[in-house]
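Scroll down for the structure; my scribbles are underneath it.
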Protein chains: 4
Amino acid sequence: MNTVGHLINGEMHTGDDRHQDIVNPSTNKVEGKVALASKATVEEAIAVAQAAYPAWRNTPPIKRARIMFRLKELLEQNADKICELITREHGKVLNDAMGELQRGIENVEYACSVPELLKGEHSKNVGPAIDSWSEFQPLGVCAGITPFNFPAMVPLWMWPMAVACGNTFILKPSERDPSSALLIAQLAQEAGLPAGVLNVVNGDKEAVDTLLSDNRVHAVSFVGSTPIAKYVYETGCSNGKRVQAFGGAKNHAIVMPDADLDNAVSALMGAAYGSCGERCMAISVAVAVGDATADALVEKLKAQIANLKVGDGMDNSNDMGPVVTRAQLEKIEGYIAKGVEEGADLVVDGRGLTVPGFENGNYLGASLFDRVKEGMVIHSDEIFGPVLCVMRVDTMQEAMDIINAHQYGNGTCIFTRDGEAARYFADNILVGMVGVNVPLPVPVAYHSFGGWKQSLFGDLHAYGPDSVRFYSKRKTITQRWPASGVREGAQFTFPSNG
Amino acid sequence: MNTVGHLINGEMHTGDDRHQDIVNPSTNKVEGKVALASKATVEEAIAVAQAAYPAWRNTPPIKRARIMFRLKELLEQNADKICELITREHGKVLNDAMGELQRGIENVEYACSVPELLKGEHSKNVGPAIDSWSEFQPLGVCAGITPFNFPAMVPLWMWPMAVACGNTFILKPSERDPSSALLIAQLAQEAGLPAGVLNVVNGDKEAVDTLLSDNRVHAVSFVGSTPIAKYVYETGCSNGKRVQAFGGAKNHAIVMPDADLDNAVSALMGAAYGSCGERCMAISVAVAVGDATADALVEKLKAQIANLKVGDGMDNSNDMGPVVTRAQLEKIEGYIAKGVEEGADLVVDGRGLTVPGFENGNYLGASLFDRVKEGMVIHSDEIFGPVLCVMRVDTMQEAMDIINAHQYGNGTCIFTRDGEAARYFADNILVGMVGVNVPLPVPVAYHSFGGWKQSLFGDLHAYGPDSVRFYSKRKTITQRWPASGVREGAQFTFPSNG
Amino acid sequence: MNTVGHLINGEMHTGDDRHQDIVNPSTNKVEGKVALASKATVEEAIAVAQAAYPAWRNTPPIKRARIMFRLKELLEQNADKICELITREHGKVLNDAMGELQRGIENVEYACSVPELLKGEHSKNVGPAIDSWSEFQPLGVCAGITPFNFPAMVPLWMWPMAVACGNTFILKPSERDPSSALLIAQLAQEAGLPAGVLNVVNGDKEAVDTLLSDNRVHAVSFVGSTPIAKYVYETGCSNGKRVQAFGGAKNHAIVMPDADLDNAVSALMGAAYGSCGERCMAISVAVAVGDATADALVEKLKAQIANLKVGDGMDNSNDMGPVVTRAQLEKIEGYIAKGVEEGADLVVDGRGLTVPGFENGNYLGASLFDRVKEGMVIHSDEIFGPVLCVMRVDTMQEAMDIINAHQYGNGTCIFTRDGEAARYFADNILVGMVGVNVPLPVPVAYHSFGGWKQSLFGDLHAYGPDSVRFYSKRKTITQRWPASGVREGAQFTFPSNG
Amino acid sequence: MNTVGHLINGEMHTGDDRHQDIVNPSTNKVEGKVALASKATVEEAIAVAQAAYPAWRNTPPIKRARIMFRLKELLEQNADKICELITREHGKVLNDAMGELQRGIENVEYACSVPELLKGEHSKNVGPAIDSWSEFQPLGVCAGITPFNFPAMVPLWMWPMAVACGNTFILKPSERDPSSALLIAQLAQEAGLPAGVLNVVNGDKEAVDTLLSDNRVHAVSFVGSTPIAKYVYETGCSNGKRVQAFGGAKNHAIVMPDADLDNAVSALMGAAYGSCGERCMAISVAVAVGDATADALVEKLKAQIANLKVGDGMDNSNDMGPVVTRAQLEKIEGYIAKGVEEGADLVVDGRGLTVPGFENGNYLGASLFDRVKEGMVIHSDEIFGPVLCVMRVDTMQEAMDIINAHQYGNGTCIFTRDGEAARYFADNILVGMVGVNVPLPVPVAYHSFGGWKQSLFGDLHAYGPDSVRFYSKRKTITQRWPASGVREGAQFTFPSNG
């Protein structure tokens with residue numbers, strides 16, 4: 001049986017660390033084991049990253065970028081292999097894994113432009129013959145702690161730009177589906193990344209806490225649930241680190257009476273149920289403005305849900321695979337029961353689904369609630385499952401008030417044809433990523449990803465331009481030269497020899 | 001006797017708060033009282049700032065900028081009055097107060113360019129007919145907590161850009177010298193700033209803690225000592241706020257054998273003793289490379305110190321005024337005694353100075369130590385007084401190692417004519433603000449201010465471009481329009497009517 | 001009688017130049033004379049500007065900016081005086097002159113941010129220990145040639161940024177209404193602009209040709225008619241100058257069936273008839289999509305035209321003043337006759353208007369044509385008068401085809417509520433400045449002004465960010481220091497002495 | 001025998017055009033023929049490029065960028081083949097061809113970041129609820145006309161960014177060595193560039209004039225000699241095109257008394273004699289400050305020239321290959337004779353060299369002149385051959401005066417260790433590309449290339465950030481939505497149904 005170890009200084013380690021099973025969500029069979037790094041193992045990785053730092057920092061940015069160019073090629077060549085690992089450990093359908101990987105590759109592409117992105121600001125004559133400029137210097141050793149739901153993409157949000165900026169890096173992927181991130185790290189080495197620049201340690205809280213407390217780690221990027229994000233942020237900040245910690249979400253879509261409803265419904269189906277809703281940008285609430293809108297919306301969603309195909313992720317004809325673990329399955333089912341109990345209309349009940357040939361898999365059909373209200377737990381909590389809640393309001397303002405009052409502020413969307421409605425919404429909604437007729441407004445790789453409120457702890461967003469700022473620190477130089485150098489010396493000395 | 005109160009919603013409050021004396025450092029006479037805001041008073045200010053926010057946020061940036069234009073005029077017209085308040089409460093010489101104010105005005109000038117600075121990034125066709133752009137939206141209510149040493153300038157680092165970005169603000173100045181900041185806030189109202197957009201509360205820990213814990217405050221900027229900076233950072237971050245907290249410093253100048261020594265000495269005199277060394281960018285350590293350099297340097301410094309004129313700040317012929325409090329005076333004297341005890345050579349002893357006519361003032365002459373070594377308390381601690389330490393090393397690398405090993409990393413400087421030495425130094429020194437033949441490399445207002453290591457807690461620097469990012473948050477909109485709007489409707493409907 | 005002379009090296013000159021009358025359009029009385037500079041006079045101005053250049057170029061940008069800050073104050077203080085000069089010489093209503101001046105002041109405000117705008121790009125380690133950065137250096141002597149229709153604003157598009165960037169300048173205003181530009185230049189000197197940095201020469205083709213041929217002039221900005229713009233561009237370019245030459249326009253507004261018609265009509269009234277249509281951004285063609293839209297539009301326009309008040313510009317209750325000259329009046333009347341002859345429906349005929357008390361003024365009422373077609377001279381030519389043409393089409397695409405086929409591409413606008421229509425229009429229309437429900441989409445001062453096709457000759461737009469690029473040239477420095485400077489020397493020499 | 005044709009719409013054409021021999025400079029044997037496009041052939045290419053434009057323009061920038069990513073891979077895979085073509089047709093040593101190609105690839109790498117580079121500026125609330133933003137839209141069909149001396153690199157300066165920005169392109173390479181550019185264009189198609197987006201036409205003046213006069217061509221980039229550059233600029237500008245035309249050069253290096261002379265000499269050897277001096281950035285004049293410096297410099301250069309190996313470019317052990325044509329060889333020899341006649345000291349005479357086995361090749365050794373003076377033709381003209389002139393001056397200012405008085409201002413360099421001298425030089429020298437101890441200060445691909453004075457006609461530099469501006473035009477949209485859309489409609493309509 002395969003054991004997934006750590007990549008430290010360019011070599012695989014499994015050592016005498018504790019281990020944990022890796023389970024296929026579609027069958028609940030154990031596919032392998034993952035080593036859980038001890039404090040000592042993590043410290044070894046940190047020491048290695050620190051040792052690799054000085055030479056890497058001094059490598060010209062264009063040379064660092066060229067390794068990213070080569071990595072992009074290798075990721076494209078190895079895409080099928082990576083996606084199979086994702087599907088086997090996470091459960092999502094292969095196509096969806098490919099979509100995830102593609103988004104990850106886009107971050108590698110953006111890291112290729114790091115010589116442009118690292119340009120500092122240069123001011124001539126801030127005073128007489130005094131110049132001043134800023135440089136964006138690397139931080140040193142950085143760390144990334146990433147979640148199970150995008151095992152390939154989220155690590156690629158972090159370390160490519162971090163190393164492109166001249167830092168060295170320690171990645172701790174989710175221990176549930178660690179293999180794709182590890183393979184990608186190996187490809188990075190094949191692409192020319194020197195040993196020790198990128199290290200992968202697998203592990204659990206012990207590994208996390210070591211990264212958060214070690215003085216040699218200068219920055220931590222985290223993606224996960226809000227309580228852990230808050231813990232990571234506070235602990236890391238207290239220990240003098242720069243931290244950005246991305247937490248949970250509850251993303252609402254407003255459906256206006258003038259929306260192109262067929263389009264909106266198609267969009268919502270993918271946004272709500274794709275990857276079983278295990279996405280921090282999934283739409284889990286549709287807020288319909290007007291009962292007529294709501295009635296039509298629910299009707300059309302119900303019809304499309306009936307055609308949704310759920311099954312093993314290795315089969316690309318499926319729309320939805322299993323959820324990640326048995327525990328997560330039960331948690332979602334609990335939320336559905338709770339919703340019923342709270343008085344919401346369960347229009348479609350996805351519970352109790354059995355997929356032939358995968359009877360032990362963590363399967364669950366799509367669920368749809370209507371008449372969900374503020375205050376219900378299915379509205380206040382992030383369910384992270386294939387459950388879409390419809391809320392009914394009379395006005396757009398009412399819909400916006402619901403969104404603005406929610407604890408999370410990650411993504412949101414409006415469906416309308418009206419320029420004014422879209423502009424008012426985008427301006428006044430307290431959410432970091434806003435879609436206009438775009439249900440999953442995940443910014444492209446050359447913009448940055450970040451929510452507001454409890455969805456993000458930290459000042460700077462993930463990937464894109466903000467990540468350059470996150471993975472570098474400003475140094476400002478002010479320079480004046482004394483007047484009497486060789487120039488004027490020469491002027492007075494040489495004429496007699498002329 | 002004058003009582004300095006709070007400016008809340010455009011009106012002066014003194015209320016039933018506790019009070020504290022304001023003392024003139026040159027005489028130790030009580031000049032007035034300052035109200036110390038209770039929790040309730042601070043909460044009232046927060047409520048007011050929150051109420052003023054929506055309208056101010058929607059005011060076009062160019063209109064907000066125009067108030068800054070007008071404020072600049074008023075600051076220039078009222079400069080003498082402001083500087084007199086500074087000198088009377090802080091002690092620094094009037095000329096020096098004018099320099100401080102000028103630096104503050106430069107930040108107002110920079111805030112005038114906020115329409116340019118707030119420009120977001122716009123991408124056409126991130127996908128087919130899909131556009132995406134970022135906006136930098138204001139945060140809401142922000143707060144600033146500022147130190148005694150630059151009572152006019154440091155507040156102007158903060159609130160002008162914060163309000164120019166569309167936030168409302170609560171300033172808590174130092175309770176030792178609160179009057180200049182209050183006068184400036186009144187001028188801002190005269191310039192057209194609506195009531196409630198900028199509020200000033202005076203106070204102590206109670207006020208600070210209220211600002212740090214209230215959920216309606218979204219960001220806090222702090223300048224002060226490192227222990228308090230760390231406290232403010234951790235507390236604010238735990239409470240979900242964006243925080244930047246600037247702490248202490250120990251700024252070293254390297255003097256190379258090829259330096260223009262006369263220039264370097266003049267520069268060091270001002271940088272070490274100006275404003276009694278009560279500046280976070282003061283040079284407190286000169287590291288001479290080579291004994292020949294050190295001998296010449298000490299000789300020349302000694303000679304210049306002999307000519308230094310110490311006396312009341314209202315007299316512009318003085319070079320140095322009193323230190324801020326009796327307690328601070330005693331603390332500095334303690335450090336001098338400690339340095340002698342530790343074995344450093346006290347070349348010039350500034351203790352025991354009496355200024356005729358100001359016998360009760362907190363006066364102290366310039367002190368100079370030679371042969372200071374790493375490990376001595378006078379090297380590891382920030383003294384914040386007119387004490388310059390000379391260290392002797394054999395190589396430039398040794399000098400840089402001392403600086404890089406120090407807990408602080410605010411400012412530093414090298415004196416040399418050599419391009420390579422300057423570039424190597426600026427590249428490898430672990431300090432945020434670097435001077436090449438510039439002893440106080442405080443970035444100009446259109447660059448940003450920030451140290452490294454224990455000198456700054458937070459990701460983004462003060463004033464300049466970074467302050468725009470600090471006082472705003474990124475929102476990214478992704479927009480696609482459904483295809484069948486009026487355009488295509490019109491295309492098919494109208495021809496028959498044509 | 002007043003004679004308007006030249007401002008050269010800070011002093012007024014009238015010399016032995018030829019002269020031309022300045023005529024009040026409201027009365028056709030001669031108000032004064034303007035000197036027409038000879039070649040020698042212009043060459044003197046050029047020599048003066050060249051002499052002033054070295055010192056001005058080396059003045060730190062922030063100091064140059066501060067003169068712009070002061071100029072803004074003076075322009076605001078002298079606004080009434082400036083506007084009176086505009087109205088008396090140009091004819092436009094005082095309110096409108098104030099609007100013009102305000103737009104001009106906004107360019108001065110933008111020039112205040114020149115230290116930010118001049119920042120170059122700095123790259124560390126383009127190779128090992130090699131740095132490279134760009135600087136935007138001034139060009140030297142620049143010239144501006146400006147039209148009669150915005151006698152205060154267009155000069156302020158040019159010289160404030162030119163001088164803020166470190167250039168010296170020669171302005172040649174329109175000889176028909178030269179006084180406001182001259183007064184503003186005098187205020188700039190009062191604001192602290194050194195003598196010789198900004199010079200004003202009045203004149204005609206002789207002055208223009210001297211500026212275009214003299215080798216000491218490095219750049220020319222021109223605004224006027226297309227034939228002259230083309231001449232200026234070609235001549236200047238052939239003589240090795242950087243040139244931007246802004247020409248004529250024919251700006252179309254599309255009115256969609258879903259437009260807020262009352263709003264659109266109000267907007268069109270101002271855009272078509274304001275300042276008698278003597279604006280390069282005036283809307284002179286409204287293209288209605290669908291006959292129903294057209295019928296309603298024409299009806300509402302007709303009603304509003306009936307209430308339009310035409311009269312002397314000194315009376316702010318008037319909506320429209322006289323046109324600039326008797327010749328221009330006759331030319332416009334000729335176009336109206338031509339339109340009738342070509343078969344367009346003259347819905348409102350503005351000819352033959354007499355304003356009591358101003359019977360000799362160049363007065364003309366608003367005219368409205370319906371059913372204008374492509375190929376008619378009133379559509380292909382720029383009339384530059386208060387004549388609005390309505391065209392009728394069946395589809396939005398047809399409307400866009402008309403616009404895209406026109407020789408000019410300055411401004412355009414669409415009235416709609418539909419997001420998709422607006423986006424499609426803005427994307428595909430071959431016009432440089434596009435309004436969505438904004439009839440005069442003149443970019444604000446922190447964006448740049450420029451048309452496409454025959455409306456602009458040159459690569460870079462006027463004012464805003466592009467003007468910084470126009471008035472500066474890129475210099476790129478690549479720097480590497482030899483390894484063996486004082487740093488390493490010191491390292492090996494001093495230890496033995498340590 | 002091989003015939004090099006045109007690539008039009010993805011297919012090779014040779015047609016009935018005229019032809020010209022392609023000659024190997026090392027042997028003067030005919031290696032093949034190149035078709036010289038007729039007006040009709042060029043017009044066909046233009047028509048094709050215009051037809052390909054609309055679809056390409058609407059292809060999202062990231063998709064265009066991905067073709068550049070793939071092209072980079074293909075260029076690297078085909079590097080040997082490309083370089084062999086360069087050497088066979090141009091003569092330069094293979095290593096040097098590889099250096100050229102690498103520089104070209106760097107421009108392809110930069111074009112990969114076009115989604116970042118095309119970002120426009122977005123301003124929220126330029127007025128109440130009015131937004132404004134700029135877009136950088138493509139121009140349409142663009143053309144590039146490139147010289148013989150960098151047959152692979154200069155085309156790659158142009159078309160990759162042009163097409164990445166959404167334009168379609170027609171390249172007319174030098175007819176002397178057309179094969180490498182054609183092969184690269186074929187690789188671009190293999191990388192996924194749609195047929196018609198990039199077309200290659202070979203030809204002479206007829207082709208050039210067709211490109212310059214056809215209205216469908218919107219922009220022309222040219223690199224060549226100054227007289228042709230001026231012709232191209234004036235003709236293109238008169239025909240309404242955007243033009244940048246790069247001309248000749250005479251690049252001076254100042255050698256200061258404090259320079260690291262061994263380094264400087266090595267640097268000068270490569271910069272003066274590399275590629276036989278047939279580079280617009282070659283150093284052709286060394287200005288020594290002080291006779292002592294000059295004596296040492298000449299001595300060391302002489303010694304190194306003695307070791308220079310001249311021979312066939314296919315042999316990488318050679319330092320210099322043949323010059324491009326027999327005519328060019330004779331022209332260079334004529335300049336050497338002229339220099340002797342004018343009184344300069346011909347320290348090393350490279351004339352009369354025979355390379356065994358390549359007796360018919362265009363061979364010439366390195367020549368060195370000392371005591372060259374202003375006014376000599378060998379100083380005022382660009383020789384474009386392996387001839388280095390040493391000038392002797394007494395002061396740095398004198399050296400700078402010589403450079404600043406020269407007609408060309410492409411590149412320059414100073415050798416010094418002194419920070420002040422370097423800064424003064426870089427600030428005040430009238431040259432666009434400046435090196436400090438860097439003899440060939442060709443900006444890296446993420447900065448821009450451009451000289452001053454007669455070295456460049458046009459506002460914007462080649463490649464790098466400026467090329468994005470050159471190959472796109474600014475469109476500024478100002479947008480306001482009418483207030484009464486679906487949002488407010490819904491607000492008033494629906495409550496009664498709630």
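By convention here, the chains of the structure tokens are called A, B, ... in the order presented, each chain's residues are numbered starting at 1, and ligands are numbered starting at 1 in the order presented.
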
- Query: segment 261-480 of chain C: which residues are strand (DSSP E) by DSSP, as an NGL selection string?
  - Reply: :C and (283-289 or 345-348 or 367-370 or 387-393 or 408-409 or 411-415 or 433-436 or 452-453 or 456-457 or 472-480)

Using only C-alpha atoms, which residues of chain A come within 9 Å of chain C, and what is the closest atom pair for each, with the distance in Å to one decimal? Give it as a Markdown table, sorted by chain and residue number.
```
| residue | atom | partner | partner_atom | distance |
| --- | --- | --- | --- | --- |
| A:Asn58 | CA | C:Pro128 | CA | 7.3 |
| A:Thr59 | CA | C:Pro128 | CA | 7.1 |
| A:Pro60 | CA | C:Asn125 | CA | 5.1 |
| A:Pro61 | CA | C:Asn125 | CA | 7.1 |
| A:Ile62 | CA | C:Val126 | CA | 7.2 |
| A:Lys63 | CA | C:Gly127 | CA | 8.9 |
| A:Pro115 | CA | C:Ser123 | CA | 7.5 |
| A:Glu116 | CA | C:Ser123 | CA | 8.2 |
| A:Leu118 | CA | C:Ser123 | CA | 7.1 |
| A:Lys119 | CA | C:Ser123 | CA | 5.1 |
| A:Gly120 | CA | C:His122 | CA | 4.7 |
| A:Glu121 | CA | C:Glu121 | CA | 5.4 |
| A:His122 | CA | C:Gly120 | CA | 4.7 |
| A:Ser123 | CA | C:Lys119 | CA | 5.1 |
| A:Lys124 | CA | C:Glu135 | CA | 7.3 |
| A:Asn125 | CA | C:Pro60 | CA | 5.2 |
| A:Val126 | CA | C:Pro60 | CA | 6.0 |
| A:Gly127 | CA | C:Pro60 | CA | 5.6 |
| A:Pro128 | CA | C:Pro60 | CA | 6.2 |
| A:Ala129 | CA | C:Asn58 | CA | 8.1 |
| A:Trp133 | CA | C:His122 | CA | 7.5 |
| A:Ser134 | CA | C:His122 | CA | 7.9 |
| A:Glu135 | CA | C:Lys124 | CA | 7.3 |
| A:Phe136 | CA | C:Lys124 | CA | 8.8 |
| A:Thr416 | CA | C:Gly419 | CA | 8.7 |
| A:Arg417 | CA | C:Gly419 | CA | 5.8 |
| A:Asp418 | CA | C:Asp418 | CA | 5.2 |
| A:Gly419 | CA | C:Gly419 | CA | 4.4 |
| A:Glu420 | CA | C:Arg417 | CA | 7.1 |
| A:Ala422 | CA | C:Gly419 | CA | 8.3 |
```

- Contacts of Leu368 of chain C at 12 Å (only C-alpha atoms; same-chain gap of 2+ positions) as an NGL selection string: :C and (268-269 or 272-273 or 284-286 or 297-306 or 336 or 339-340 or 344-351 or 365-366 or 370-372 or 378 or 385-391)
